[in-house]
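The structure appears below as structure tokens.
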Amino acid sequence: MKLTISEAAAYCGYKSRSVLYRLQQSGMLRDYEAGRVGRNRLLESDPPGRCSLRDHIAACVQLRHDSPLGQRHGPLASPIAALSDAELAAAMAPIDRWIEGQREDPDWQLIAERLNAYLGAWSAPPWTAEEANTLAMALAMAREGAG
């Protein structure tokens, strides 16, 4: 959707256009410019291959407690911000279990067996760069398969 600077400011929740004018003058909105209509410069809200204009502006400015882009509630709030702490903990539980699984001591005997099966007869060090790369890849595959 093509927006004027005023419309883009309202779209991002700003009451004033000054933030967008400052970003435009510093060249930070160049990738979002979509031409002109009369004296008004147009900005693309969701250009293909880029993040949305709102996300880009949020990344360019320092978010403050009263920033419309940093609101936890309201029309611009992130859907994750609406989750309670218990809901967020439940959503994060599988990731937390995976992280804890990564911290456990792996079964090195099983990893060694798998690594030896992958490598077969292997020369002693010193290794070439290609051999070191192969060893690192085989070790990662053996550790992944064991755990």
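Residue numbering restarts at 1 for every chain of the structure tokens, chains are lettered A, B, ... in their displayed order, and ligands are numbered from 1 as they appear.
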
All helix (DSSP H, G or I) residues (DSSP, backbone) inside range 1-117 of chain A, as a short mmCIF file (atom, residue, chain, number, x, y, z; two decimals) with C-alpha atoms, in the first residue's frame:
```cif
data_model
loop_
_atom_site.label_atom_id
_atom_site.label_comp_id
_atom_site.auth_asym_id
_atom_site.auth_seq_id
_atom_site.Cartn_x
_atom_site.Cartn_y
_atom_site.Cartn_z
CA ILE A 5 4.43 10.74 4.85
CA SER A 6 1.40 11.87 6.87
CA GLU A 7 -0.43 8.61 6.25
CA ALA A 8 2.70 6.59 7.04
CA ALA A 9 3.11 8.46 10.34
CA ALA A 10 -0.49 7.67 11.27
CA TYR A 11 -0.02 4.07 10.08
CA SER A 18 8.74 14.69 12.19
CA VAL A 19 10.19 11.22 12.91
CA LEU A 20 9.53 10.10 9.34
CA TYR A 21 10.91 13.33 7.87
CA ARG A 22 14.08 12.88 9.97
CA LEU A 23 14.48 9.29 8.74
CA GLN A 24 13.80 10.36 5.16
CA GLN A 25 16.40 13.15 5.29
CA ARG A 30 15.17 5.25 0.57
CA ASP A 31 14.26 1.56 0.07
CA TYR A 32 10.63 2.33 0.88
CA LEU A 53 7.65 -0.04 6.94
CA ARG A 54 6.50 -0.18 10.57
CA ASP A 55 9.14 -2.80 11.47
CA HIS A 56 11.85 -0.87 9.60
CA ILE A 57 11.03 2.37 11.43
CA ALA A 58 10.96 0.53 14.77
CA ALA A 59 14.46 -0.77 14.01
CA CYS A 60 15.72 2.71 13.06
CA PRO A 68 3.57 3.89 19.57
CA LEU A 69 5.81 1.21 18.06
CA GLY A 70 6.75 -0.14 21.48
CA PRO A 79 0.54 -10.65 19.32
CA ILE A 80 3.12 -12.10 21.69
CA ALA A 81 2.69 -9.10 23.99
CA ALA A 82 -0.90 -10.16 24.63
CA ASP A 85 3.41 -15.10 31.57
CA ALA A 86 1.90 -18.59 31.96
CA GLU A 87 0.92 -18.75 28.27
CA LEU A 88 4.36 -17.56 27.22
CA ALA A 89 6.02 -20.15 29.47
CA ALA A 90 3.83 -22.89 27.95
CA ALA A 91 4.73 -21.74 24.43
CA MET A 92 8.44 -21.69 25.30
CA ALA A 93 8.42 -25.11 27.05
CA PRO A 94 9.46 -27.17 23.97
CA ILE A 95 12.32 -24.77 23.25
CA ASP A 96 13.42 -24.86 26.89
CA ARG A 97 13.40 -28.68 26.85
CA TRP A 98 15.51 -28.69 23.68
CA ILE A 99 18.01 -26.28 25.24
CA GLU A 100 18.26 -28.39 28.39
CA GLY A 101 18.82 -31.46 26.20
CA GLN A 102 21.73 -29.69 24.57
CA ARG A 103 23.32 -29.03 27.95
CA TRP A 108 30.52 -40.01 24.01
CA GLN A 109 30.85 -43.76 23.56
CA LEU A 110 27.94 -43.77 21.10
CA ILE A 111 29.30 -40.65 19.38
CA ALA A 112 32.72 -42.28 19.01
CA GLU A 113 31.15 -45.43 17.52
CA ARG A 114 29.15 -43.40 15.00
CA LEU A 115 32.14 -41.21 14.14
CA ASN A 116 34.35 -44.25 13.53
CA ALA A 117 31.62 -45.76 11.35
#
```

- Query: In Å, with one decimal, what is the gap from CA of Ala136 in chain A to CA of Pro106 in chain A?
  - Reply: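 Separating CA of Ala136 in chain A from CA of Pro106 in chain A is a distance of 16.4 Å.
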
- Query: Which is closer to Arg39 in chain A than all the others in A:Thr4, A:Arg143, A:Ser16, A:Gln62, using only C-alpha atoms?
  - Reply: A:Thr4

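If you look at CA of Arg41 in chain A and CA of Gly13 in chain A, they are 18.7 Å away from each other.
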
- Message: Need to verify the contact set: Trp122 in chain A, 10 Å, only C-alpha atoms, exclusion of same-chain residues closer than 4 positions in sequence. Can you return it as a ChimeraX atom specification?
- Response: /A:116,118,131,135
